[in-house]
Amino acid sequence: MAGDAAPDPTTPARDPLAIYVHWPYCLAKCPYCDFNSHVRESIDTDAMAQAYCAELEYFAGLTGRQPVETIFFGGGTPSLMPEGLVDRILSTIADLWQLGSDAEITLEANPTSADAARFAGYRAAGVNRLSLGVQALDNAALAFLGRQHSAAESLQALDLAAREFSRTSIDLIYGRENQTPGAWETELNRALALPVQHISLYQLTIEKGTPFFQDARDGRLHLPDEDTLRTFFDMTQAIADAAGMPAYEVSNHAAPGEACRHNLAYWTYRPYVGVGPGAHGRLPVNNGNSSVRRMATRQHAKPETWLNAVRTKGHGSAESEPVPADEMVIEALMMGLRLTGGIDAIAFQRATGQPLDNACSASGARRLIEAEFIERTPTHLRLTAKGRPFLDAILKKLVT
């Protein structure tokens with residue numbers, strides 16, 4: 001409207017919420033995985049349903065009845081969830097918040113739990129986007145990664161998904177032991193020819209506490225060197241670009257208009273609710289010009305501990321505390337610089353209360369711009385193609 005005032009970047013915005021639902025169970029634990037996932041012989045799904053709904057009610061009491069634009073079922077293996085449980089969770093969210101008719105609702109699935117009737121049940125419940133954990137299109141690589149499915153089973157699962165969902169995504173891991181750039185080129189081209197609109201391409205990383213970490217420490221695991229990994233990264237960008245799936249984030253590629261809206265909420269530092277064992281959240285705090293703009297929440301990781309806490313307290317939060325102003329700035333920089341488009345200066349200030357240029361070291365930013373690792377436009381701060389592989393090092397120079 002012509003007479004409306006311009007938005008005040010110093011006032012926290014009531015951004016639409018994103019909601020993350022964590023399903024903590026898997027059929028088996030992969031040797032590279034450090035996610036909060038657990039293997040159990042039996043699962044009390046009725047108890048889980050009651051706990052999810054109770055925790056959603058608790059968080060709705062904290063946020064108020066705000067619009068919800070994205071929901072993401074992650075894990076673990078959410079495709080092990082009964083369709084009725086997914087439906088109950090989505091119905092509860094719709095009752096507690098304002099769930100938009102065009103909300104993006106994603107569910108992660110594994111080929112081992114792909115089933116036509118189950119996928120149809122998820123779609124009927126409201127899921128409209130499926131993310132399939134393929135990880136590799138080579139059977140030897142799948143065995144190395146500890147996956148329980150074959151490449152053929154992945155393709156069958158994707159075919160089932162494409163019948164039910166108009167939006168599908170797959171994950172692949174590269175930089176594996178004994179993998180060559182030529183083999184990765186063949187595998188990636190094959191993946192990009194599949195009927196998907198989004199593809200996440202992750203370099204294999206060795207995380208503490210995983211079997212792969214122990215194997216690497218003891219000399220049983222030998223991954224490509226840094227120069228080879230850089231070759232993998234560069235060729236991944238070039239091949240995906242040529243296929244019409246450019247990177248919109250360091251590890252995520254999409255056809256035009258098909259970026260994952262839920263993950264964009266994280267990367268643009270918008271508020272989100274996290275429910276379920278081990279889930280994290282950044283709740284909105286809208287109290288004028290207070291320096292507190294986000295409350296960090298972390299739920300108990302062990303499913304049994306989380307369930308007991310929800311029964312006794314109505315929620316399973318192990319921690320809930322304000323995010324200090326300096327930490328907000330670092331988080332917002334770290335997340336936003338992952339995006340190919342970079343950080344929007346106005347959105348950054350609305351989220352953190354800090355002007356973008358004030359949040360960065362002037363000397364550090366100047367040196368990085370001169371070295372062509374970052375660029376500052378009138379509206380954005382972004383990594384250059386040259387700087388993209390060095391995000392962590394660049395972030396340190398920006399905040400010190």
# chains A, B, ... in the order shown; residues from 1 in each chain; ligands from 1

call {"tool": "closest_atom_pairs", "arguments": {"of": "range 188-278 of chain A", "to": "range 165-177 of chain A", "cutoff": "10 Å", "atoms": "only C-alpha atoms", "output": "JSON lines"}}
result
{"residue": "A:Leu188", "atom": "CA", "partner": "A:Leu172", "partner_atom": "CA", "distance": 8.5}
{"residue": "A:Ala191", "atom": "CA", "partner": "A:Ile170", "partner_atom": "CA", "distance": 8.6}
{"residue": "A:Leu192", "atom": "CA", "partner": "A:Ile170", "partner_atom": "CA", "distance": 9.8}
{"residue": "A:Leu194", "atom": "CA", "partner": "A:Ile170", "partner_atom": "CA", "distance": 9.5}
{"residue": "A:Pro195", "atom": "CA", "partner": "A:Thr168", "partner_atom": "CA", "distance": 7.9}
{"residue": "A:Val196", "atom": "CA", "partner": "A:Thr168", "partner_atom": "CA", "distance": 5.2}
{"residue": "A:Gln197", "atom": "CA", "partner": "A:Thr168", "partner_atom": "CA", "distance": 6.0}
{"residue": "A:His198", "atom": "CA", "partner": "A:Ser169", "partner_atom": "CA", "distance": 4.6}
{"residue": "A:Ile199", "atom": "CA", "partner": "A:Ile170", "partner_atom": "CA", "distance": 5.0}
{"residue": "A:Ser200", "atom": "CA", "partner": "A:Asp171", "partner_atom": "CA", "distance": 4.7}
{"residue": "A:Leu201", "atom": "CA", "partner": "A:Leu172", "partner_atom": "CA", "distance": 5.1}
{"residue": "A:Tyr202", "atom": "CA", "partner": "A:Ile173", "partner_atom": "CA", "distance": 4.9}
{"residue": "A:Gln203", "atom": "CA", "partner": "A:Tyr174", "partner_atom": "CA", "distance": 5.0}
{"residue": "A:Leu204", "atom": "CA", "partner": "A:Gly175", "partner_atom": "CA", "distance": 5.6}
{"residue": "A:Thr205", "atom": "CA", "partner": "A:Gly175", "partner_atom": "CA", "distance": 8.5}
{"residue": "A:Leu221", "atom": "CA", "partner": "A:Glu177", "partner_atom": "CA", "distance": 7.1}
{"residue": "A:His222", "atom": "CA", "partner": "A:Glu177", "partner_atom": "CA", "distance": 5.8}
{"residue": "A:Leu223", "atom": "CA", "partner": "A:Glu177", "partner_atom": "CA", "distance": 4.7}
{"residue": "A:Pro224", "atom": "CA", "partner": "A:Gly175", "partner_atom": "CA", "distance": 6.3}
{"residue": "A:Asp225", "atom": "CA", "partner": "A:Gly175", "partner_atom": "CA", "distance": 9.1}
{"residue": "A:Glu226", "atom": "CA", "partner": "A:Gly175", "partner_atom": "CA", "distance": 10.0}
{"residue": "A:Thr228", "atom": "CA", "partner": "A:Gly175", "partner_atom": "CA", "distance": 8.3}
{"residue": "A:Leu229", "atom": "CA", "partner": "A:Gly175", "partner_atom": "CA", "distance": 6.3}
{"residue": "A:Arg230", "atom": "CA", "partner": "A:Gly175", "partner_atom": "CA", "distance": 9.7}
{"residue": "A:Thr231", "atom": "CA", "partner": "A:Gly175", "partner_atom": "CA", "distance": 9.9}
{"residue": "A:Phe232", "atom": "CA", "partner": "A:Gly175", "partner_atom": "CA", "distance": 7.1}
{"residue": "A:Phe233", "atom": "CA", "partner": "A:Gly175", "partner_atom": "CA", "distance": 9.0}
{"residue": "A:Thr236", "atom": "CA", "partner": "A:Tyr174", "partner_atom": "CA", "distance": 9.4}
{"residue": "A:Ser251", "atom": "CA", "partner": "A:Asp171", "partner_atom": "CA", "distance": 9.8}
{"residue": "A:Asn252", "atom": "CA", "partner": "A:Asp171", "partner_atom": "CA", "distance": 9.1}
{"residue": "A:His253", "atom": "CA", "partner": "A:Ser169", "partner_atom": "CA", "distance": 9.6}
{"residue": "A:Ala254", "atom": "CA", "partner": "A:Ser169", "partner_atom": "CA", "distance": 8.8}
{"residue": "A:Glu258", "atom": "CA", "partner": "A:Arg167", "partner_atom": "CA", "distance": 7.9}
{"residue": "A:Ala259", "atom": "CA", "partner": "A:Ser169", "partner_atom": "CA", "distance": 9.9}
{"residue": "A:Cys260", "atom": "CA", "partner": "A:Ser169", "partner_atom": "CA", "distance": 9.1}

call {"tool": "residues_around", "arguments": {"residues": "Ala365 in chain A", "least_positions_apart": "2", "cutoff": "12 Å", "atoms": "only C-alpha atoms", "output": "list in words"}}
result
Leu356, Asp357, Asn358, Ala359, Cys360, Ser361, Ala362, Ser363, Arg367, Leu368, Ile369, Glu370, Ala371, Glu372, Phe373, Ile374, Glu375, Arg376, Leu381, Arg382, Leu383, Ile394, Leu395, Lys396, Lys397, Leu398, Val399 and Thr400 of chain A

call {"tool": "closest_atom_pairs", "arguments": {"of": "range 293-358 of chain A", "to": "range 43-63 of chain A", "cutoff": "12 Å", "atoms": "only C-alpha atoms", "output": "JSON lines"}}
result
{"residue": "A:Arg294", "atom": "CA", "partner": "A:Thr63", "partner_atom": "CA", "distance": 11.2}
{"residue": "A:Met295", "atom": "CA", "partner": "A:Leu62", "partner_atom": "CA", "distance": 10.3}
{"residue": "A:Thr297", "atom": "CA", "partner": "A:Phe59", "partner_atom": "CA", "distance": 10.3}
{"residue": "A:Gln299", "atom": "CA", "partner": "A:Glu55", "partner_atom": "CA", "distance": 10.1}
{"residue": "A:Pro303", "atom": "CA", "partner": "A:Met48", "partner_atom": "CA", "distance": 9.0}
{"residue": "A:Glu304", "atom": "CA", "partner": "A:Met48", "partner_atom": "CA", "distance": 9.9}
{"residue": "A:Thr305", "atom": "CA", "partner": "A:Ala51", "partner_atom": "CA", "distance": 11.6}
{"residue": "A:Trp306", "atom": "CA", "partner": "A:Ala51", "partner_atom": "CA", "distance": 8.6}
{"residue": "A:Leu307", "atom": "CA", "partner": "A:Ala51", "partner_atom": "CA", "distance": 6.4}
{"residue": "A:Asn308", "atom": "CA", "partner": "A:Ala51", "partner_atom": "CA", "distance": 9.1}
{"residue": "A:Ala309", "atom": "CA", "partner": "A:Ala51", "partner_atom": "CA", "distance": 9.2}
{"residue": "A:Val310", "atom": "CA", "partner": "A:Ala51", "partner_atom": "CA", "distance": 6.0}
{"residue": "A:Arg311", "atom": "CA", "partner": "A:Ala51", "partner_atom": "CA", "distance": 7.1}
{"residue": "A:Thr312", "atom": "CA", "partner": "A:Ala51", "partner_atom": "CA", "distance": 10.5}
{"residue": "A:Lys313", "atom": "CA", "partner": "A:Glu55", "partner_atom": "CA", "distance": 9.5}
{"residue": "A:Gly314", "atom": "CA", "partner": "A:Ala54", "partner_atom": "CA", "distance": 5.9}
{"residue": "A:His315", "atom": "CA", "partner": "A:Glu55", "partner_atom": "CA", "distance": 4.8}
{"residue": "A:Gly316", "atom": "CA", "partner": "A:Glu55", "partner_atom": "CA", "distance": 7.2}
{"residue": "A:Ser317", "atom": "CA", "partner": "A:Glu55", "partner_atom": "CA", "distance": 9.1}
{"residue": "A:Ser320", "atom": "CA", "partner": "A:Phe59", "partner_atom": "CA", "distance": 11.5}

call {"tool": "residues_around", "arguments": {"residues": "range 321-323 of chain A", "least_positions_apart": "6", "cutoff": "10 Å", "atoms": "only C-alpha atoms", "output": "list in words"}}
result
Arg282, Leu283, Val285, Ser291, Val292, Arg293, Arg294, Met295, Ala296, Thr297, Arg298, Val329 and Glu331 of chain A

call {"tool": "write_last_selection", "arguments": {"atoms": "C-alpha atoms", "output": "PDB file, in the first residue's frame"}}
result
ATOM      1  CA  ARG A 282      15.473 -21.575  17.419  1.00  0.00           C
ATOM      2  CA  LEU A 283      12.244 -20.105  18.755  1.00  0.00           C
ATOM      3  CA  VAL A 285      11.327 -13.957  20.757  1.00  0.00           C
ATOM      4  CA  SER A 291      18.708  -8.124  22.265  1.00  0.00           C
ATOM      5  CA  VAL A 292      17.170 -11.583  22.780  1.00  0.00           C
ATOM      6  CA  ARG A 293      15.716 -12.640  19.453  1.00  0.00           C
ATOM      7  CA  ARG A 294      16.063 -16.417  19.540  1.00  0.00           C
ATOM      8  CA  MET A 295      15.651 -19.077  22.204  1.00  0.00           C
ATOM      9  CA  ALA A 296      17.780 -22.155  21.582  1.00  0.00           C
ATOM     10  CA  THR A 297      16.119 -25.445  22.468  1.00  0.00           C
ATOM     11  CA  ARG A 298      17.569 -28.935  22.498  1.00  0.00           C
ATOM     12  CA  VAL A 329      25.588 -13.072  14.576  1.00  0.00           C
ATOM     13  CA  GLU A 331      25.156 -18.442  13.518  1.00  0.00           C
TER      14      GLU A 331
END

call {"tool": "atom_distance", "arguments": {"atom1": "CA of Val68 in chain A", "atom2": "CA of Ala103 in chain A"}}
result
7.2 Å

call {"tool": "closest_residue", "arguments": {"among": "A:Pro271, A:Gly219, A:Gly276, A:Pro78", "to": "Val21 in chain A", "atoms": "only C-alpha atoms"}}
result
A:Gly276

call {"tool": "select_by_dssp", "arguments": {"residues": "range 215-348 of chain A", "states": "strand (DSSP E)", "output": "ChimeraX atom specification"}}
result
/A:247-249,252-254,272-275,280-284,294-299,317-322,343-344

call {"tool": "closest_residue", "arguments": {"among": "A:Leu99, A:Ala117, A:Leu27, A:Ala161", "to": "Ser131 in chain A", "atoms": "only C-alpha atoms"}}
result
A:Ala161

call {"tool": "atom_distance", "arguments": {"atom1": "CA of Ser150 in chain A", "atom2": "CA of Ala193 in chain A"}}
result
18.4 Å

call {"tool": "residues_around", "arguments": {"residues": "Thr379 in chain A", "least_positions_apart": "6", "cutoff": "10 Å", "atoms": "only C-alpha atoms", "output": "MDAnalysis selection string"}}
result
chainID A and resid 342:347 356

call {"tool": "residues_around", "arguments": {"residues": "range 157-160 of chain A", "least_positions_apart": "4", "cutoff": "7 Å", "atoms": "only C-alpha atoms", "output": "list in words"}}
result
Pro111, Ala114, Ala116, Glu153 and Glu164 of chain A

call {"tool": "write_last_selection", "arguments": {"atoms": "N, CA and C atoms", "output": "compact mmCIF listing (two decimals), in the first residue's frame"}}
result
# COMPACT_ATOMS: atom_id res chain seq x y z
N PRO A 111 15.34 -46.40 0.92
CA PRO A 111 14.84 -47.43 0.00
C PRO A 111 14.40 -48.70 0.71
N ALA A 114 10.70 -48.32 1.53
CA ALA A 114 9.84 -47.77 0.48
C ALA A 114 8.73 -48.77 0.17
N ALA A 116 4.61 -48.78 -1.71
CA ALA A 116 3.62 -47.99 -2.44
C ALA A 116 2.47 -47.55 -1.54
N GLU A 153 17.33 -51.27 -5.87
CA GLU A 153 16.25 -50.98 -4.92
C GLU A 153 16.06 -49.47 -4.76
N GLU A 164 3.81 -40.78 -6.43
CA GLU A 164 2.98 -40.18 -5.38
C GLU A 164 3.28 -38.71 -5.12

call {"tool": "closest_residue", "arguments": {"among": "A:Leu107, A:Ile71, A:Ala151, A:Met328", "to": "Ile19 in chain A", "atoms": "only C-alpha atoms"}}
result
A:Ile71

call {"tool": "closest_residue", "arguments": {"among": "A:Ala238, A:Leu80, A:Arg129, A:Asp34", "to": "His262 in chain A", "atoms": "only C-alpha atoms"}}
result
A:Arg129

call {"tool": "closest_residue", "arguments": {"among": "A:Val86, A:Gln135, A:Tyr269, A:Leu96", "to": "His149 in chain A", "atoms": "only C-alpha atoms"}}
result
A:Gln135

call {"tool": "select_by_dssp", "arguments": {"residues": "range 54-129 of chain A", "states": "alpha helix (DSSP H)", "output": "JSON, numbers by chain"}}
result
{"A": [54, 55, 56, 57, 58, 59, 60, 61, 62, 63, 83, 84, 85, 86, 87, 88, 89, 90, 91, 92, 93, 94, 95, 96, 116, 117, 118, 119, 120, 121, 122, 123, 124, 125]}

call {"tool": "write_last_selection", "arguments": {"atoms": "C-alpha atoms", "output": "mmCIF file, in the first residue's frame"}}
result
data_model
loop_
_atom_site.group_PDB
_atom_site.id
_atom_site.type_symbol
_atom_site.label_atom_id
_atom_site.label_comp_id
_atom_site.auth_asym_id
_atom_site.auth_seq_id
_atom_site.Cartn_x
_atom_site.Cartn_y
_atom_site.Cartn_z
ATOM 1 C CA ALA A 54 2.155 -32.957 23.772
ATOM 2 C CA GLU A 55 5.460 -31.374 22.759
ATOM 3 C CA LEU A 56 3.848 -29.566 19.829
ATOM 4 C CA GLU A 57 1.240 -28.140 22.219
ATOM 5 C CA TYR A 58 4.001 -26.981 24.544
ATOM 6 C CA PHE A 59 5.860 -25.140 21.801
ATOM 7 C CA ALA A 60 2.661 -23.649 20.377
ATOM 8 C CA GLY A 61 2.113 -22.130 23.795
ATOM 9 C CA LEU A 62 5.507 -20.435 23.508
ATOM 10 C CA THR A 63 5.250 -19.200 19.914
ATOM 11 C CA GLU A 83 1.089 -43.322 8.109
ATOM 12 C CA GLY A 84 -1.430 -42.692 10.885
ATOM 13 C CA LEU A 85 1.268 -41.182 13.098
ATOM 14 C CA VAL A 86 2.335 -38.759 10.359
ATOM 15 C CA ASP A 87 -1.306 -37.818 9.831
ATOM 16 C CA ARG A 88 -1.830 -37.217 13.551
ATOM 17 C CA ILE A 89 1.226 -35.002 13.815
ATOM 18 C CA LEU A 90 0.221 -32.934 10.794
ATOM 19 C CA SER A 91 -3.357 -32.597 12.061
ATOM 20 C CA THR A 92 -2.042 -31.399 15.442
ATOM 21 C CA ILE A 93 0.192 -28.809 13.769
ATOM 22 C CA ALA A 94 -2.765 -27.576 11.700
ATOM 23 C CA ASP A 95 -4.864 -27.229 14.868
ATOM 24 C CA LEU A 96 -2.179 -25.365 16.831
ATOM 25 C CA ALA A 116 3.621 -47.985 -2.435
ATOM 26 C CA ALA A 117 0.831 -48.114 0.136
ATOM 27 C CA ARG A 118 2.951 -46.338 2.743
ATOM 28 C CA PHE A 119 3.920 -43.564 0.329
ATOM 29 C CA ALA A 120 0.264 -43.147 -0.664
ATOM 30 C CA GLY A 121 -0.633 -42.883 3.021
ATOM 31 C CA TYR A 122 1.958 -40.169 3.582
ATOM 32 C CA ARG A 123 0.632 -38.219 0.613
ATOM 33 C CA ALA A 124 -2.939 -38.555 1.903
ATOM 34 C CA ALA A 125 -1.763 -37.226 5.278
#

call {"tool": "decode", "arguments": {"residues": "range 248-371 of chain A", "atoms": "C-alpha atoms", "output": "PDB file, in the first residue's frame"}}
result
ATOM      1  CA  TYR A 248      21.883 -22.914  -4.266  1.00  0.00           C
ATOM      2  CA  GLU A 249      23.801 -23.979  -1.145  1.00  0.00           C
ATOM      3  CA  VAL A 250      27.209 -25.585  -0.638  1.00  0.00           C
ATOM      4  CA  SER A 251      25.895 -29.165  -0.891  1.00  0.00           C
ATOM      5  CA  ASN A 252      22.411 -28.707  -2.355  1.00  0.00           C
ATOM      6  CA  HIS A 253      21.378 -28.410  -5.986  1.00  0.00           C
ATOM      7  CA  ALA A 254      17.954 -27.825  -7.479  1.00  0.00           C
ATOM      8  CA  ALA A 255      16.093 -27.131 -10.673  1.00  0.00           C
ATOM      9  CA  PRO A 256      14.686 -23.582 -10.867  1.00  0.00           C
ATOM     10  CA  GLY A 257      12.071 -23.047  -8.142  1.00  0.00           C
ATOM     11  CA  GLU A 258      12.777 -26.406  -6.467  1.00  0.00           C
ATOM     12  CA  ALA A 259      15.066 -25.398  -3.583  1.00  0.00           C
ATOM     13  CA  CYS A 260      14.054 -26.938  -0.257  1.00  0.00           C
ATOM     14  CA  ARG A 261      12.082 -24.175   1.463  1.00  0.00           C
ATOM     15  CA  HIS A 262      12.499 -25.773   4.877  1.00  0.00           C
ATOM     16  CA  ASN A 263      16.277 -25.805   4.733  1.00  0.00           C
ATOM     17  CA  LEU A 264      16.234 -22.251   3.402  1.00  0.00           C
ATOM     18  CA  ALA A 265      14.545 -21.284   6.672  1.00  0.00           C
ATOM     19  CA  TYR A 266      17.639 -22.527   8.543  1.00  0.00           C
ATOM     20  CA  TRP A 267      20.102 -20.869   6.188  1.00  0.00           C
ATOM     21  CA  THR A 268      18.309 -17.498   6.292  1.00  0.00           C
ATOM     22  CA  TYR A 269      18.166 -17.681  10.120  1.00  0.00           C
ATOM     23  CA  ARG A 270      14.407 -17.787  10.395  1.00  0.00           C
ATOM     24  CA  PRO A 271      12.815 -19.242  13.543  1.00  0.00           C
ATOM     25  CA  TYR A 272      11.966 -22.920  13.769  1.00  0.00           C
ATOM     26  CA  VAL A 273      10.501 -25.385  16.238  1.00  0.00           C
ATOM     27  CA  GLY A 274      12.212 -28.740  16.760  1.00  0.00           C
ATOM     28  CA  VAL A 275      10.260 -31.634  18.315  1.00  0.00           C
ATOM     29  CA  GLY A 276      11.246 -35.221  19.007  1.00  0.00           C
ATOM     30  CA  PRO A 277      14.356 -36.846  20.504  1.00  0.00           C
ATOM     31  CA  GLY A 278      17.493 -34.800  19.904  1.00  0.00           C
ATOM     32  CA  ALA A 279      15.743 -32.075  17.892  1.00  0.00           C
ATOM     33  CA  HIS A 280      17.064 -28.519  18.046  1.00  0.00           C
ATOM     34  CA  GLY A 281      15.056 -25.321  17.678  1.00  0.00           C
ATOM     35  CA  ARG A 282      15.473 -21.575  17.419  1.00  0.00           C
ATOM     36  CA  LEU A 283      12.244 -20.105  18.755  1.00  0.00           C
ATOM     37  CA  PRO A 284      11.233 -16.520  17.969  1.00  0.00           C
ATOM     38  CA  VAL A 285      11.327 -13.957  20.757  1.00  0.00           C
ATOM     39  CA  ASN A 286       9.433 -10.820  19.805  1.00  0.00           C
ATOM     40  CA  ASN A 287       9.704  -8.315  22.640  1.00  0.00           C
ATOM     41  CA  GLY A 288      10.441  -4.937  21.163  1.00  0.00           C
ATOM     42  CA  ASN A 289      14.083  -3.953  20.930  1.00  0.00           C
ATOM     43  CA  SER A 290      15.383  -6.646  23.253  1.00  0.00           C
ATOM     44  CA  SER A 291      18.708  -8.124  22.265  1.00  0.00           C
ATOM     45  CA  VAL A 292      17.170 -11.583  22.780  1.00  0.00           C
ATOM     46  CA  ARG A 293      15.716 -12.640  19.453  1.00  0.00           C
ATOM     47  CA  ARG A 294      16.063 -16.417  19.540  1.00  0.00           C
ATOM     48  CA  MET A 295      15.651 -19.077  22.204  1.00  0.00           C
ATOM     49  CA  ALA A 296      17.780 -22.155  21.582  1.00  0.00           C
ATOM     50  CA  THR A 297      16.119 -25.445  22.468  1.00  0.00           C
ATOM     51  CA  ARG A 298      17.569 -28.935  22.498  1.00  0.00           C
ATOM     52  CA  GLN A 299      15.500 -32.020  23.245  1.00  0.00           C
ATOM     53  CA  HIS A 300      16.797 -35.069  25.121  1.00  0.00           C
ATOM     54  CA  ALA A 301      18.524 -37.335  22.601  1.00  0.00           C
ATOM     55  CA  LYS A 302      17.738 -40.804  23.949  1.00  0.00           C
ATOM     56  CA  PRO A 303      14.162 -41.712  22.973  1.00  0.00           C
ATOM     57  CA  GLU A 304      13.332 -43.255  26.341  1.00  0.00           C
ATOM     58  CA  THR A 305      14.632 -40.207  28.222  1.00  0.00           C
ATOM     59  CA  TRP A 306      12.688 -37.888  25.939  1.00  0.00           C
ATOM     60  CA  LEU A 307       9.475 -39.878  26.354  1.00  0.00           C
ATOM     61  CA  ASN A 308       9.758 -39.849  30.138  1.00  0.00           C
ATOM     62  CA  ALA A 309      10.438 -36.102  30.171  1.00  0.00           C
ATOM     63  CA  VAL A 310       7.397 -35.383  28.004  1.00  0.00           C
ATOM     64  CA  ARG A 311       5.213 -37.527  30.264  1.00  0.00           C
ATOM     65  CA  THR A 312       6.355 -35.694  33.378  1.00  0.00           C
ATOM     66  CA  LYS A 313       6.851 -32.115  32.111  1.00  0.00           C
ATOM     67  CA  GLY A 314       4.877 -31.872  28.881  1.00  0.00           C
ATOM     68  CA  HIS A 315       8.052 -31.442  26.831  1.00  0.00           C
ATOM     69  CA  GLY A 316      11.418 -33.126  26.367  1.00  0.00           C
ATOM     70  CA  SER A 317      13.699 -30.079  26.402  1.00  0.00           C
ATOM     71  CA  ALA A 318      17.117 -30.768  27.884  1.00  0.00           C
ATOM     72  CA  GLU A 319      18.118 -27.138  27.299  1.00  0.00           C
ATOM     73  CA  SER A 320      16.250 -23.919  26.604  1.00  0.00           C
ATOM     74  CA  GLU A 321      18.169 -20.679  26.771  1.00  0.00           C
ATOM     75  CA  PRO A 322      18.481 -17.346  24.975  1.00  0.00           C
ATOM     76  CA  VAL A 323      21.022 -17.114  22.175  1.00  0.00           C
ATOM     77  CA  PRO A 324      23.496 -14.324  23.041  1.00  0.00           C
ATOM     78  CA  ALA A 325      23.765 -11.499  20.506  1.00  0.00           C
ATOM     79  CA  ASP A 326      27.321 -12.412  19.445  1.00  0.00           C
ATOM     80  CA  GLU A 327      26.373 -16.056  18.939  1.00  0.00           C
ATOM     81  CA  MET A 328      23.341 -15.054  16.877  1.00  0.00           C
ATOM     82  CA  VAL A 329      25.588 -13.072  14.576  1.00  0.00           C
ATOM     83  CA  ILE A 330      28.000 -15.986  14.111  1.00  0.00           C
ATOM     84  CA  GLU A 331      25.156 -18.442  13.518  1.00  0.00           C
ATOM     85  CA  ALA A 332      23.486 -16.160  10.982  1.00  0.00           C
ATOM     86  CA  LEU A 333      26.773 -15.567   9.147  1.00  0.00           C
ATOM     87  CA  MET A 334      27.694 -19.243   9.159  1.00  0.00           C
ATOM     88  CA  MET A 335      24.295 -20.337   7.829  1.00  0.00           C
ATOM     89  CA  GLY A 336      23.790 -17.507   5.343  1.00  0.00           C
ATOM     90  CA  LEU A 337      27.187 -17.788   3.715  1.00  0.00           C
ATOM     91  CA  ARG A 338      26.355 -21.367   2.760  1.00  0.00           C
ATOM     92  CA  LEU A 339      23.846 -19.986   0.266  1.00  0.00           C
ATOM     93  CA  THR A 340      25.007 -19.257  -3.265  1.00  0.00           C
ATOM     94  CA  GLY A 341      22.986 -16.046  -3.130  1.00  0.00           C
ATOM     95  CA  GLY A 342      24.584 -15.126   0.185  1.00  0.00           C
ATOM     96  CA  ILE A 343      23.199 -13.054   3.077  1.00  0.00           C
ATOM     97  CA  ASP A 344      20.520 -10.429   2.567  1.00  0.00           C
ATOM     98  CA  ALA A 345      21.570  -7.404   4.627  1.00  0.00           C
ATOM     99  CA  ILE A 346      18.045  -6.330   5.620  1.00  0.00           C
ATOM    100  CA  ALA A 347      16.974  -9.858   6.590  1.00  0.00           C
ATOM    101  CA  PHE A 348      20.189 -10.279   8.596  1.00  0.00           C
ATOM    102  CA  GLN A 349      19.547  -7.125  10.616  1.00  0.00           C
ATOM    103  CA  ARG A 350      15.914  -8.040  11.255  1.00  0.00           C
ATOM    104  CA  ALA A 351      16.957 -11.466  12.527  1.00  0.00           C
ATOM    105  CA  THR A 352      19.949 -10.455  14.649  1.00  0.00           C
ATOM    106  CA  GLY A 353      19.461  -6.771  15.436  1.00  0.00           C
ATOM    107  CA  GLN A 354      22.939  -6.077  14.033  1.00  0.00           C
ATOM    108  CA  PRO A 355      23.777  -4.326  10.739  1.00  0.00           C
ATOM    109  CA  LEU A 356      25.554  -6.813   8.521  1.00  0.00           C
ATOM    110  CA  ASP A 357      28.661  -4.685   8.026  1.00  0.00           C
ATOM    111  CA  ASN A 358      28.964  -4.050  11.774  1.00  0.00           C
ATOM    112  CA  ALA A 359      28.820  -7.803  12.401  1.00  0.00           C
ATOM    113  CA  CYS A 360      31.915  -8.413  10.296  1.00  0.00           C
ATOM    114  CA  SER A 361      35.512  -7.438  10.931  1.00  0.00           C
ATOM    115  CA  ALA A 362      36.136  -4.505   8.588  1.00  0.00           C
ATOM    116  CA  SER A 363      39.766  -5.455   8.016  1.00  0.00           C
ATOM    117  CA  GLY A 364      38.935  -9.142   7.618  1.00  0.00           C
ATOM    118  CA  ALA A 365      36.160  -8.422   5.134  1.00  0.00           C
ATOM    119  CA  ARG A 366      38.368  -6.029   3.160  1.00  0.00           C
ATOM    120  CA  ARG A 367      41.168  -8.598   2.817  1.00  0.00           C
ATOM    121  CA  LEU A 368      38.710 -11.323   1.780  1.00  0.00           C
ATOM    122  CA  ILE A 369      37.148  -9.046  -0.834  1.00  0.00           C
ATOM    123  CA  GLU A 370      40.575  -8.100  -2.189  1.00  0.00           C
ATOM    124  CA  ALA A 371      41.502 -11.793  -2.389  1.00  0.00           C
TER     125      ALA A 371
END
